[in-house]
file structure_1.cif (mmCIF, C-alpha atoms)
data_coords
loop_
_atom_site.label_atom_id
_atom_site.label_comp_id
_atom_site.auth_asym_id
_atom_site.auth_seq_id
_atom_site.Cartn_x
_atom_site.Cartn_y
_atom_site.Cartn_z
CA MET A 1 106.11 113.41 81.07
CA LYS A 2 103.53 110.64 80.82
CA CYS A 3 99.96 111.49 79.83
CA ALA A 4 96.70 110.24 81.28
CA LYS A 5 94.16 109.46 78.55
CA LEU A 6 90.53 108.52 79.09
CA ILE A 7 89.75 105.32 77.21
CA TYR A 8 86.35 104.44 78.67
CA GLN A 9 83.58 106.33 80.41
CA GLU A 10 80.08 105.44 81.43
CA GLY A 11 78.90 107.92 84.06
CA ASP A 12 81.29 107.78 87.00
CA HIS A 13 82.90 104.55 85.76
CA THR A 14 86.09 105.31 83.87
CA TRP A 15 89.32 103.78 82.65
CA HIS A 16 92.38 105.91 82.05
CA VAL A 17 95.69 104.79 80.55
CA ILE A 18 98.88 106.50 81.68
CA ALA A 19 101.40 106.10 78.91
CA ARG A 20 103.82 107.49 76.36
CA ASP A 21 106.52 109.51 78.04
CA PRO A 22 108.67 111.01 75.26
CA SER A 23 111.39 111.92 77.77
CA LYS A 24 111.74 108.36 79.09
CA PRO A 25 115.30 107.02 78.69
CA ASP A 26 115.66 104.31 76.03
CA PHE A 27 117.10 101.83 78.50
CA LEU A 28 113.80 101.74 80.45
CA ILE A 29 111.10 99.57 78.93
CA ASP A 30 107.95 101.59 78.26
CA THR A 31 104.93 100.72 80.40
CA ASN A 32 101.21 101.46 80.49
CA GLU A 33 99.49 101.99 83.82
CA TYR A 34 95.70 101.81 83.99
CA LEU A 35 93.48 103.64 86.43
CA ILE A 36 90.03 102.13 86.96
CA SER A 37 87.61 104.47 88.71
CA TYR A 38 84.12 103.80 89.97
CA LYS A 39 82.08 106.13 92.15
CA GLN A 40 85.02 108.23 93.32
CA GLN A 41 87.25 105.27 94.17
CA SER A 42 90.11 104.07 92.00
CA LEU A 43 92.35 101.08 91.53
CA LEU A 44 95.73 101.35 89.80
CA THR A 45 97.03 98.39 87.80
CA ASP A 46 100.75 97.64 87.62
CA PRO A 47 101.75 101.04 89.07
CA GLY A 48 105.22 100.95 87.50
CA GLY A 49 108.85 101.11 88.50
CA LEU A 50 110.55 103.34 91.04
CA GLU A 51 112.24 105.35 88.31
CA ILE A 52 108.97 106.41 86.70
CA PHE A 53 106.99 107.04 89.89
CA PRO A 54 107.23 110.85 89.54
CA SER A 55 106.04 110.75 85.95
CA VAL A 56 103.17 108.33 86.66
CA PHE A 57 102.08 110.22 89.77
CA ALA A 58 102.07 113.59 88.00
CA ALA A 59 100.08 112.20 85.04
CA LEU A 60 97.63 110.54 87.39
CA CYS A 61 96.95 113.83 89.19
CA SER A 62 95.42 115.20 86.00
CA ALA A 63 92.97 112.27 85.83
CA THR A 64 91.97 111.91 89.45
CA ASN A 65 92.66 112.87 93.02
CA PRO A 66 95.35 110.35 94.03
CA GLU A 67 93.76 110.21 97.49
CA ASN A 68 90.89 108.34 95.78
CA ILE A 69 93.17 105.42 94.92
CA VAL A 70 92.10 102.67 97.29
CA ALA A 71 94.04 99.71 95.92
CA LEU A 72 96.92 98.58 93.73
CA PHE A 73 96.89 95.51 91.52
CA ALA A 74 100.14 93.81 90.52
CA SER A 75 99.77 91.30 87.69
CA HIS A 76 103.09 89.74 88.69
CA GLN A 77 106.40 90.46 90.36
CA ASP A 78 108.59 92.25 87.81
CA PRO A 79 110.28 95.53 88.79
CA ASP A 80 108.61 97.47 85.98
CA ILE A 81 105.28 96.39 87.51
CA ILE A 82 105.67 97.16 91.18
CA SER A 83 109.10 98.46 92.27
CA SER A 84 107.46 101.83 93.05
CA LEU A 85 105.41 100.16 95.80
CA SER A 86 107.31 101.83 98.65
CA MET A 87 106.59 105.28 97.13
CA TRP A 88 102.86 104.53 96.90
CA LEU A 89 102.86 103.33 100.48
CA GLU A 90 104.65 106.50 101.59
CA PHE A 91 101.82 108.46 100.02
CA ASN A 92 99.15 106.21 101.54
CA GLU A 93 100.41 103.58 103.97
CA LYS A 94 97.00 101.87 104.06
CA LEU A 95 96.95 100.96 100.35
CA PRO A 96 96.36 97.23 99.80
CA CYS A 97 98.19 95.52 96.95
CA TYR A 98 96.50 92.58 95.21
CA LEU A 99 98.90 90.05 93.72
CA SER A 100 99.43 86.32 93.24
CA TRP A 101 99.97 84.43 96.53
CA LEU A 102 103.16 83.10 94.93
CA TRP A 103 104.88 86.47 95.24
CA ALA A 104 103.63 87.51 98.65
CA GLY A 105 107.01 86.80 100.20
CA PHE A 106 109.02 88.45 97.41
CA ILE A 107 107.25 91.76 96.68
CA PRO A 108 107.88 93.02 100.26
CA HIS A 109 111.48 93.46 99.10
CA PHE A 110 110.07 96.46 97.22
CA GLY A 111 108.13 97.65 100.26
CA GLY A 112 105.06 96.96 102.37
CA ASP A 113 104.43 94.85 105.44
CA LYS A 114 102.24 91.90 106.38
CA ASN A 115 99.11 94.06 106.18
CA THR A 116 99.79 95.39 102.67
CA PHE A 117 99.23 92.34 100.53
CA VAL A 118 96.03 90.64 99.48
CA PRO A 119 97.15 87.30 98.05
CA ILE A 120 95.15 86.07 95.05
CA PRO A 121 94.68 82.30 94.90
CA ASP A 122 95.64 80.50 91.68
CA GLU A 123 92.03 80.27 90.50
CA GLY A 124 91.56 84.04 90.77
CA MET A 125 89.09 86.15 92.74
CA THR A 126 86.70 89.10 92.54
CA ILE A 127 88.13 92.44 93.63
CA ASN A 128 85.46 94.84 94.86
CA LEU A 129 85.94 98.49 93.85
CA ASN A 130 83.17 100.38 95.63
CA GLY A 131 80.57 97.96 94.27
CA LEU A 132 82.22 97.24 90.92
CA GLY A 133 83.33 93.62 90.70
CA LEU A 134 86.69 93.28 88.93
CA GLN A 135 87.85 89.76 88.21
CA ALA A 136 91.42 88.57 88.63
CA VAL A 137 91.72 86.09 85.74
CA PRO A 138 94.46 83.44 85.90
CA ALA A 139 97.24 83.84 83.33
CA HIS A 140 99.95 81.73 84.97
CA TYR A 141 103.21 81.13 83.09
CA LEU A 142 102.39 84.00 80.70
CA HIS A 143 105.05 84.88 81.51
CA SER A 144 105.30 84.77 85.30
CA SER A 145 104.46 81.56 87.12
CA GLY A 146 102.07 83.50 89.36
CA ASN A 147 100.28 85.86 87.01
CA PHE A 148 96.86 87.49 86.68
CA ASN A 149 94.94 89.63 84.23
CA LEU A 150 92.18 91.94 85.47
CA TYR A 151 88.76 91.90 83.80
CA ASP A 152 86.07 94.56 84.12
CA PRO A 153 82.85 92.85 82.98
CA THR A 154 80.86 96.10 83.00
CA ALA A 155 83.30 98.02 80.79
CA LYS A 156 84.22 94.81 78.90
CA ILE A 157 87.89 95.66 79.27
CA LEU A 158 90.64 93.16 79.99
CA PHE A 159 93.92 94.33 81.47
CA SER A 160 96.15 91.62 80.06
CA GLY A 161 99.54 92.43 81.62
CA ASP A 162 102.39 91.19 79.47
CA ILE A 163 100.08 89.30 77.11
CA GLY A 164 99.64 91.48 74.05
CA ALA A 165 102.77 93.47 74.91
CA ALA A 166 104.68 94.89 71.97
CA LEU A 167 107.97 96.73 71.80
CA LEU A 168 106.71 99.34 69.37
CA GLU A 169 108.82 101.18 66.83
CA PRO A 170 109.57 104.86 67.61
CA ASP A 171 106.96 106.20 65.17
CA MET A 172 104.18 104.07 66.63
CA ASN A 173 102.82 106.49 69.22
CA ASP A 174 99.12 105.76 69.04
CA ILE A 175 97.80 104.25 72.25
CA PHE A 176 95.42 102.08 70.21
CA VAL A 177 96.37 99.42 67.68
CA ARG A 178 95.76 100.88 64.22
CA ASP A 179 97.84 98.46 62.14
CA PHE A 180 97.32 94.99 63.63
CA ASP A 181 99.85 93.23 61.42
CA ARG A 182 102.58 95.72 62.22
CA VAL A 183 101.90 95.59 65.98
CA VAL A 184 101.99 91.79 66.14
CA ARG A 185 105.28 91.84 64.22
CA CYS A 186 106.59 93.97 67.12
CA ALA A 187 104.99 91.57 69.62
CA GLU A 188 106.10 88.27 68.13
CA GLY A 189 109.68 88.10 69.45
CA PHE A 190 108.58 89.11 72.93
CA HIS A 191 105.84 86.46 73.06
CA ARG A 192 107.97 83.67 71.63
CA ARG A 193 110.74 84.22 74.17
CA TRP A 194 108.85 85.34 77.25
CA MET A 195 105.76 83.15 77.25
CA GLY A 196 107.00 79.92 78.70
CA SER A 197 104.25 77.38 78.06
CA ASN A 198 102.21 76.54 74.99
CA GLU A 199 99.83 74.61 77.18
CA ALA A 200 99.27 77.57 79.50
CA LYS A 201 98.90 79.82 76.47
CA LEU A 202 96.14 77.70 74.95
CA ALA A 203 94.36 77.49 78.31
CA TRP A 204 94.44 81.29 78.54
CA CYS A 205 93.15 81.70 74.98
CA GLU A 206 90.25 79.39 75.70
CA ARG A 207 89.50 81.15 79.00
CA VAL A 208 89.45 84.70 77.64
CA SER A 209 87.67 83.84 74.41
CA LYS A 210 84.61 83.18 76.60
CA LEU A 211 84.74 86.73 77.99
CA LYS A 212 83.11 89.71 76.30
CA ILE A 213 86.06 91.97 75.61
CA ASP A 214 85.82 95.31 73.79
CA MET A 215 89.34 96.38 74.72
CA MET A 216 92.42 94.36 75.63
CA CYS A 217 94.92 96.56 77.46
CA PRO A 218 98.49 95.28 77.77
CA GLN A 219 101.18 96.65 80.06
CA HIS A 220 103.47 97.44 77.11
CA GLY A 221 102.54 98.64 73.66
CA ALA A 222 99.11 99.48 72.31
CA ILE A 223 95.50 98.67 73.18
CA PHE A 224 93.58 96.17 71.05
CA GLN A 225 89.98 97.14 70.30
CA GLY A 226 86.94 95.44 68.82
CA ALA A 227 87.72 92.74 66.27
CA ASP A 228 91.47 93.06 66.95
CA VAL A 229 90.93 91.41 70.35
CA GLU A 230 89.76 88.17 68.78
CA ARG A 231 92.40 88.48 66.07
CA PHE A 232 95.06 88.70 68.79
CA ILE A 233 93.71 85.71 70.71
CA ASN A 234 93.71 83.64 67.49
CA TRP A 235 97.19 84.86 66.55
CA PHE A 236 98.50 84.03 70.03
CA ALA A 237 96.84 80.59 70.00
CA GLU A 238 98.74 79.75 66.78
CA LEU A 239 102.10 81.15 67.91
CA LYS A 240 104.72 78.69 69.16
CA VAL A 241 106.10 80.09 72.41
CA GLY A 242 108.92 79.19 74.77
CA VAL A 243 111.45 79.67 71.97
CA LEU A 244 114.98 80.57 73.00
CA ARG A 245 116.45 82.88 70.41
CA GLY A 246 117.65 86.44 70.14
CA SER A 247 120.07 86.09 73.06
CA PRO A 248 122.65 88.91 72.91
CA ASN A 249 125.48 86.34 73.25
CA MET B 1 108.14 111.83 105.95
CA GLY B 2 108.66 115.49 105.05
CA ALA B 3 108.65 114.81 101.35
CA THR B 4 105.52 112.67 101.64
CA ASN B 5 103.72 115.54 103.35
CA ASP B 6 104.84 117.71 100.44
CA LEU B 7 103.25 115.23 98.04
CA LEU B 8 99.95 115.24 99.91
CA LEU B 9 100.01 119.01 100.11
CA ILE B 10 100.67 119.55 96.41
CA VAL B 11 97.93 117.02 95.58
CA ARG B 12 95.45 119.02 97.64
CA ILE B 13 96.58 122.32 96.10
CA ASN B 14 96.26 120.74 92.66
CA GLU B 15 92.75 119.47 93.43
CA SER B 16 91.63 122.99 94.47
CA ILE B 17 93.05 124.34 91.22
CA LYS B 18 91.33 121.64 89.17
CA SER B 19 88.00 122.62 90.77
CA VAL B 20 88.63 126.27 89.81
CA VAL B 21 89.44 125.24 86.23
CA ARG B 22 86.16 123.28 86.02
CA LEU B 23 84.26 126.38 87.15
CA ALA B 24 86.14 128.49 84.60
CA ARG B 25 85.05 126.11 81.81
CA LYS B 26 81.42 126.44 82.90
CA ILE B 27 81.79 130.23 82.91
CA ASN B 28 83.11 130.06 79.34
CA ILE B 29 80.04 128.17 78.14
CA LEU B 30 77.75 130.49 80.07
CA ALA B 31 79.38 133.52 78.46
CA LEU B 32 78.57 132.12 75.02
CA ASN B 33 74.97 131.43 76.05
CA ALA B 34 74.62 134.95 77.41
CA ILE B 35 75.77 136.53 74.17
CA LEU B 36 73.57 134.34 71.99
CA LEU B 37 70.48 134.90 74.11
CA SER B 38 71.01 138.63 74.46
CA ARG B 39 71.38 139.00 70.69
CA ARG B 40 68.18 137.08 70.23
CA ALA B 41 66.51 139.44 72.71
CA GLY B 42 67.53 142.33 70.51
CA SER B 43 67.09 145.98 71.50
CA VAL B 44 65.44 145.25 74.89
CA ALA B 45 68.71 143.70 76.02
CA LEU B 46 71.25 146.19 74.70
CA GLY B 47 72.79 146.78 78.13
CA TYR B 48 72.89 143.05 78.80
CA THR B 49 74.61 142.46 75.45
CA VAL B 50 77.33 144.95 76.30
CA ILE B 51 77.99 143.26 79.62
CA SER B 52 77.83 139.81 78.02
CA ASN B 53 80.66 140.88 75.77
CA GLU B 54 82.60 141.93 78.86
CA LEU B 55 81.77 138.54 80.32
CA ARG B 56 83.10 136.85 77.21
CA LEU B 57 86.35 138.83 77.40
CA PHE B 58 86.59 138.06 81.10
CA SER B 59 86.11 134.34 80.50
CA ARG B 60 88.88 134.36 77.87
CA GLU B 61 91.22 136.09 80.31
CA LEU B 62 90.19 133.64 83.03
CA THR B 63 90.93 130.73 80.70
CA LEU B 64 94.44 132.06 80.05
CA VAL B 65 95.08 132.43 83.77
CA MET B 66 93.67 128.95 84.43
CA ASN B 67 95.87 127.42 81.73
CA LYS B 68 98.89 129.04 83.38
CA LEU B 69 97.78 127.88 86.83
CA THR B 70 97.28 124.33 85.56
CA ALA B 71 100.72 124.25 83.94
CA VAL B 72 102.45 125.63 87.05
CA SER B 73 100.55 123.24 89.32
CA ASN B 74 101.34 120.21 87.11
CA ASP B 75 105.00 121.23 87.12
CA ALA B 76 104.98 121.51 90.92
CA VAL B 77 103.41 118.05 91.25
CA GLN B 78 106.16 116.58 89.12
CA VAL B 79 108.95 118.36 91.02
CA VAL B 80 107.52 117.21 94.36
CA SER B 81 107.22 113.63 93.07
CA TYR B 82 110.87 113.65 91.99
CA GLN B 83 111.91 115.04 95.33
CA CYS B 84 109.84 112.45 97.14
CA ARG B 85 111.56 109.66 95.23
CA TYR B 86 115.02 111.11 95.78
CA ASN B 87 114.29 111.66 99.46
CA HIS B 88 113.34 107.99 99.75
CA ILE B 89 116.65 106.94 98.20
CA ASN B 90 118.51 109.39 100.43
CA GLU B 91 116.87 107.93 103.54
CA LEU B 92 117.90 104.43 102.47
CA MET B 93 121.47 105.62 101.93
CA ASN B 94 121.52 107.23 105.36
CA ALA B 95 120.21 104.04 106.96
CA THR B 96 122.84 102.01 105.10
CA SER B 97 125.67 104.25 106.23
CA LEU B 98 124.87 104.04 109.96
CA GLY B 99 127.95 102.89 111.77
CA ILE B 100 130.06 102.78 108.59
CA GLU B 101 132.86 105.30 108.59
CA LEU B 102 134.21 104.75 105.11
CA PRO B 103 135.10 108.12 103.56
CA VAL B 104 133.61 107.18 100.18
CA ILE B 105 130.19 106.59 101.76
CA GLN B 106 130.36 109.77 103.81
CA HIS B 107 131.30 111.63 100.65
CA GLN B 108 128.33 110.10 98.77
CA LEU B 109 126.00 111.06 101.60
CA LEU B 110 127.24 114.64 101.55
CA ALA B 111 126.65 114.81 97.80
CA SER B 112 123.19 113.26 98.20
CA ASP B 113 122.24 115.68 100.97
CA ALA B 114 123.47 118.58 98.84
CA LYS B 115 121.34 117.40 95.92
CA LEU B 116 118.32 117.13 98.18
CA GLY B 117 118.99 120.66 99.41
CA GLN B 118 119.12 121.90 95.83
CA MET B 119 115.83 120.15 95.03
CA SER B 120 114.20 121.75 98.09
CA LYS B 121 115.33 125.13 96.87
CA GLU B 122 113.86 124.48 93.40
CA LEU B 123 110.63 123.39 95.01
CA GLN B 124 110.42 126.59 97.06
CA GLU B 125 110.83 128.55 93.82
CA ARG B 126 107.95 126.54 92.32
CA TYR B 127 105.77 127.29 95.33
CA GLY B 128 106.65 130.98 95.01
CA HIS B 129 105.65 130.95 91.35
CA LEU B 130 102.45 129.07 92.12
CA LYS B 131 101.56 131.61 94.81
CA SER B 132 102.01 134.48 92.39
CA VAL B 133 99.78 132.83 89.76
CA LEU B 134 97.17 132.14 92.44
CA VAL B 135 97.18 135.85 93.32
CA ASP B 136 96.65 136.68 89.61
CA ALA B 137 93.75 134.24 89.44
CA ASP B 138 92.23 135.77 92.57
CA ASP B 139 92.48 139.33 91.17
CA ASN B 140 90.97 138.14 87.91
CA SER B 141 88.05 136.44 89.60
CA ARG B 142 87.17 139.61 91.57
CA PHE B 143 86.52 141.41 88.30
CA GLY B 144 84.11 138.62 87.47
CA THR B 145 82.13 139.43 90.61
CA VAL B 146 81.64 142.98 89.34
CA ILE B 147 80.39 141.71 85.97
CA SER B 148 78.07 139.30 87.72
CA ARG B 149 76.36 142.09 89.65
CA SER B 150 75.98 144.26 86.54
CA LEU B 151 74.57 141.32 84.59
CA LYS B 152 71.89 140.68 87.24
CA ILE B 153 70.86 144.33 87.20
CA GLU B 154 70.68 144.53 83.39
CA ALA B 155 68.70 141.31 83.17
CA THR B 156 65.76 142.93 84.97
CA TYR B 157 65.33 145.43 82.08
CA CYS B 158 65.08 142.79 79.38
CA GLY B 159 61.32 142.41 79.13
CA ALA B 160 60.16 138.93 78.15
CA PHE B 161 63.73 137.68 78.13
CA ALA B 162 64.33 138.79 81.71
CA PRO B 163 63.72 135.36 83.35
CA HIS B 164 66.18 133.54 81.07
CA LEU B 165 68.80 136.25 81.24
CA THR B 166 68.42 136.49 85.01
CA GLN B 167 68.96 132.73 85.25
CA ILE B 168 72.18 133.01 83.28
CA ALA B 169 73.29 135.91 85.45
CA SER B 170 72.51 133.90 88.63
CA GLU B 171 74.38 130.85 87.38
CA PHE B 172 77.34 132.97 86.48
CA GLY B 173 77.21 134.55 89.93
CA GLU B 174 77.20 131.09 91.53
CA TYR B 175 80.21 129.91 89.55
CA ILE B 176 82.20 133.10 90.07
CA ASP B 177 81.43 133.11 93.80
CA GLY B 178 82.70 129.54 93.95
CA ILE B 179 86.18 130.52 92.79
CA PRO B 180 87.59 132.61 95.72
CA PRO B 181 86.99 129.92 98.40
CA LEU B 182 88.82 127.36 96.26
CA LEU B 183 91.72 129.73 95.61
CA ASN B 184 91.82 130.55 99.34
CA GLU B 185 91.93 126.84 100.11
CA ALA B 186 94.94 126.46 97.78
CA LYS B 187 96.60 129.52 99.35
CA LEU B 188 96.04 128.13 102.86
CA TYR B 189 97.75 124.87 101.90
CA MET B 190 100.60 126.86 100.40
CA GLN B 191 101.10 128.89 103.54
CA LYS B 192 102.37 125.70 105.16
CA LYS B 193 105.26 125.72 102.70
CA LEU B 194 106.11 129.39 102.37
#
call {"tool": "encode", "arguments": {"input": "structure_1.cif", "output": "structure tokens"}}
result
Amino acid sequence: MKCAKLIYQEGDHTWHVIARDPSKPDFLIDTNEYLISYKQQSLLTDPGGLEIFPSVFAALCSATNPENIVALFASHQDPDIISSLSMWLEFNEKLPCYLSWLWAGFIPHFGGDKNTFVPIPDEGMTINLNGLGLQAVPAHYLHSSGNFNLYDPTAKILFSGDIGAALLEPDMNDIFVRDFDRVVRCAEGFHRRWMGSNEAKLAWCERVSKLKIDMMCPQHGAIFQGADVERFINWFAELKVGVLRGSPN
Amino acid sequence: MGATNDLLLIVRINESIKSVVRLARKINILALNAILLSRRAGSVALGYTVISNELRLFSRELTLVMNKLTAVSNDAVQVVSYQCRYNHINELMNATSLGIELPVIQHQLLASDAKLGQMSKELQERYGHLKSVLVDADDNSRFGTVISRSLKIEATYCGAFAPHLTQIASEFGEYIDGIPPLLNEAKLYMQKKL
């Protein structure tokens, strides 16, 4: 079963990560879901795939009352991000889902109707969580062509989606990055193949380097803290991406 | 929609249980305070010390019951979530098969319905288990009410320490009185399923 772990708290403002299910089948890519809570309301980032809905939901129940979840945020359109949408809407049919306008016609294939989606324009927007302003930060082409990170300026936490993702080795269970060099070795192949534009990458690096970030939370792998955030941004800026290699055929 | 109602129901049961567990943790801390303070009070609080020890034993027992309740409740949440997901798939299969008479599809539907039936049965067993643990928790908390009354009485004999010890006794009384309504709330939700 997945576990919910508190990674930030300041009064009734919290971030939880839902991660690390030892019973997950190997053929399913591991994912991290993040629950941002502020004054008894919560937003869930990249809620996960249909297959893991039971595990995510059960873990979430230990961290909060799921009835307090007032919104979903989908960084992009992949099935591991949002294919559980129909299950969430069965639980609460009024849940809005924030996502790039580009995918507003595609994500309904996972569920929802015309009232479900809040399209985010390319330049981003502020998402209000009971008075807390979360910022949808553009991250297009990294890897999806309509893609957003989510920044909490109060907590100084950036949910970075697939940026920073690493396919960790089996013994690397820590939710935080402890060995930067080893983690980026696990991240390198993913970033070279999946991130499609060096230009977009450099634009993102410049954009986020202006933000105050204490924690960078990716959707796969481990969380970067403190100095490792800047180290990652610098590493990513130097990395040549859009490289086709490692194809199984 | 049946499975979704199950999900909402188990969430509400789980929330009641979480509230009880939070109270149990406060009782644990209070029990420690009571013992420390009564020892400091010395001979004037001998009776209070004895009951504080009972309180400490009670809080340990309560913790064990709460741990069990939490585990059973978490398990039930997971089982309901799995059923909810499978029910969703089953509904889609049923919708797909409308008007299609192919034996292979009818066979698949029968198998799917059977699996759903099996999951419902397992869920009923979980609810039965949860109910029994709730009853244990309820019985356990009633003993706490007895300790609470004794503590309040003994506090009045503790001389200069009486105000502090009475405060602890009152707080304990508040927390312990808070438990039965929450357990009843969980039991009421469960009655809809049993």
call {"tool": "closest_atom_pairs", "arguments": {"input": "structure_1.cif", "of": "chain A", "to": "chain B", "cutoff": "10 Å", "atoms": "only C-alpha atoms", "output": "tab-separated table"}}
result
residue	atom	partner	partner_atom	distance
A:Met1	CA	B:Gln78	CA	8.7
A:Leu50	CA	B:Arg85	CA	7.6
A:Glu51	CA	B:Arg85	CA	8.2
A:Ile52	CA	B:Tyr82	CA	9.2
A:Phe53	CA	B:Ser81	CA	7.3
A:Pro54	CA	B:Ser81	CA	4.5
A:Ser55	CA	B:Gln78	CA	6.6
A:Val56	CA	B:Gln78	CA	9.1
A:Phe57	CA	B:Ser81	CA	7.0
A:Ala58	CA	B:Gln78	CA	5.2
A:Ala59	CA	B:Asn74	CA	8.4
A:Cys61	CA	B:Val11	CA	7.2
A:Ser62	CA	B:Asn74	CA	7.8
A:Thr64	CA	B:Glu15	CA	8.6
A:Asn65	CA	B:Glu15	CA	6.6
A:Pro66	CA	B:Val11	CA	7.3
A:Glu67	CA	B:Val11	CA	8.2
A:Ser84	CA	B:Arg85	CA	9.1
A:Ser86	CA	B:His88	CA	8.7
A:Met87	CA	B:Arg85	CA	6.9
A:Trp88	CA	B:Thr4	CA	9.8
A:Leu89	CA	B:Thr4	CA	9.8
A:Glu90	CA	B:Thr4	CA	6.2
A:Phe91	CA	B:Thr4	CA	5.8
A:Asn92	CA	B:Thr4	CA	9.1
call {"tool": "write_last_selection", "arguments": {"input": "structure_1.cif", "atoms": "C-alpha atoms", "output": "PDB file, keeping the file's coordinate frame"}}
result
ATOM      1  CA  MET A   1     106.110 113.410  81.070  1.00  0.00           C
ATOM      2  CA  LEU A  50     110.550 103.340  91.040  1.00  0.00           C
ATOM      3  CA  GLU A  51     112.240 105.350  88.310  1.00  0.00           C
ATOM      4  CA  ILE A  52     108.970 106.410  86.700  1.00  0.00           C
ATOM      5  CA  PHE A  53     106.990 107.040  89.890  1.00  0.00           C
ATOM      6  CA  PRO A  54     107.230 110.850  89.540  1.00  0.00           C
ATOM      7  CA  SER A  55     106.040 110.750  85.950  1.00  0.00           C
ATOM      8  CA  VAL A  56     103.170 108.330  86.660  1.00  0.00           C
ATOM      9  CA  PHE A  57     102.080 110.220  89.770  1.00  0.00           C
ATOM     10  CA  ALA A  58     102.070 113.590  88.000  1.00  0.00           C
ATOM     11  CA  ALA A  59     100.080 112.200  85.040  1.00  0.00           C
ATOM     12  CA  CYS A  61      96.950 113.830  89.190  1.00  0.00           C
ATOM     13  CA  SER A  62      95.420 115.200  86.000  1.00  0.00           C
ATOM     14  CA  THR A  64      91.970 111.910  89.450  1.00  0.00           C
ATOM     15  CA  ASN A  65      92.660 112.870  93.020  1.00  0.00           C
ATOM     16  CA  PRO A  66      95.350 110.350  94.030  1.00  0.00           C
ATOM     17  CA  GLU A  67      93.760 110.210  97.490  1.00  0.00           C
ATOM     18  CA  SER A  84     107.460 101.830  93.050  1.00  0.00           C
ATOM     19  CA  SER A  86     107.310 101.830  98.650  1.00  0.00           C
ATOM     20  CA  MET A  87     106.590 105.280  97.130  1.00  0.00           C
ATOM     21  CA  TRP A  88     102.860 104.530  96.900  1.00  0.00           C
ATOM     22  CA  LEU A  89     102.860 103.330 100.480  1.00  0.00           C
ATOM     23  CA  GLU A  90     104.650 106.500 101.590  1.00  0.00           C
ATOM     24  CA  PHE A  91     101.820 108.460 100.020  1.00  0.00           C
ATOM     25  CA  ASN A  92      99.150 106.210 101.540  1.00  0.00           C
TER      26      ASN A  92
END
call {"tool": "resolve_selection", "arguments": {"input": "structure_1.cif", "expression": "the PyMOL selection byres ((chain A and resi 41-49) around 7)", "output": "compact mmCIF listing (two decimals) with C-alpha atoms, in the frame of the given file"}}
result
# COMPACT_ATOMS: atom_id res chain seq x y z
CA GLU A 33 99.49 101.99 83.82
CA TYR A 34 95.70 101.81 83.99
CA LEU A 35 93.48 103.64 86.43
CA ILE A 36 90.03 102.13 86.96
CA SER A 37 87.61 104.47 88.71
CA TYR A 38 84.12 103.80 89.97
CA LYS A 39 82.08 106.13 92.15
CA GLN A 40 85.02 108.23 93.32
CA LEU A 50 110.55 103.34 91.04
CA GLU A 51 112.24 105.35 88.31
CA ILE A 52 108.97 106.41 86.70
CA PHE A 53 106.99 107.04 89.89
CA ASN A 68 90.89 108.34 95.78
CA ILE A 69 93.17 105.42 94.92
CA VAL A 70 92.10 102.67 97.29
CA ALA A 71 94.04 99.71 95.92
CA LEU A 72 96.92 98.58 93.73
CA PHE A 73 96.89 95.51 91.52
CA ALA A 74 100.14 93.81 90.52
CA SER A 75 99.77 91.30 87.69
CA PRO A 79 110.28 95.53 88.79
CA ASP A 80 108.61 97.47 85.98
CA ILE A 81 105.28 96.39 87.51
CA ILE A 82 105.67 97.16 91.18
CA SER A 83 109.10 98.46 92.27
CA SER A 84 107.46 101.83 93.05
CA LEU A 129 85.94 98.49 93.85
CA ASN A 130 83.17 100.38 95.63
call {"tool": "closest_residue", "arguments": {"input": "structure_1.cif", "among": "B:Leu30, B:Ala41, B:Leu46, B:Ile13", "to": "Leu183 in chain B", "atoms": "all atoms listed in the file"}}
result
B:Ile13
call {"tool": "resolve_selection", "arguments": {"input": "structure_1.cif", "expression": "the PyMOL selection byres ((chain A and resi 107-121) around 8)", "output": "list in words"}}
result
Gln77, Ile82, Ser83, Ser84, Leu85, Ser86, Leu89, Lys94, Leu95, Pro96, Cys97, Tyr98, Leu99, Ser100, Trp101, Leu102, Trp103, Ala104, Gly105, Phe106, Asp122, Glu123, Gly124, Met125 and Ala136 of chain A
call {"tool": "closest_residue", "arguments": {"input": "structure_1.cif", "among": "B:Leu9, B:Phe161, B:Thr166, B:Val135", "to": "Lys192 in chain B", "atoms": "only C-alpha atoms"}}
result
B:Leu9
call {"tool": "residues_around", "arguments": {"input": "structure_1.cif", "residues": "range 230-247 of chain A", "least_positions_apart": "6", "cutoff": "10 Å", "atoms": "only C-alpha atoms", "output": "PyMOL selection string"}}
result
chain A and resi 142-143+163-164+180-181+184+187-199+201-206+208-209+213-214+216+224
call {"tool": "resolve_selection", "arguments": {"input": "structure_1.cif", "expression": "the PyMOL selection byres ((chain B and resi 165) around 9)", "output": "number ranges by chain"}}
result
B: 34, 37-38, 48, 151-152, 154-156, 158, 161-164, 166-170
call {"tool": "atom_distance", "arguments": {"input": "structure_1.cif", "atom1": "CA of Pro181 in chain B", "atom2": "CA of Gly11 in chain A"}}
result
27.5 Å
call {"tool": "residues_around", "arguments": {"input": "structure_1.cif", "residues": "range 21-24 of chain B", "least_positions_apart": "4", "cutoff": "8 Å", "atoms": "all atoms listed in the file", "output": "ChimeraX atom specification"}}
result
/B:17,28,59,62-63,66,70,175-176,178-179
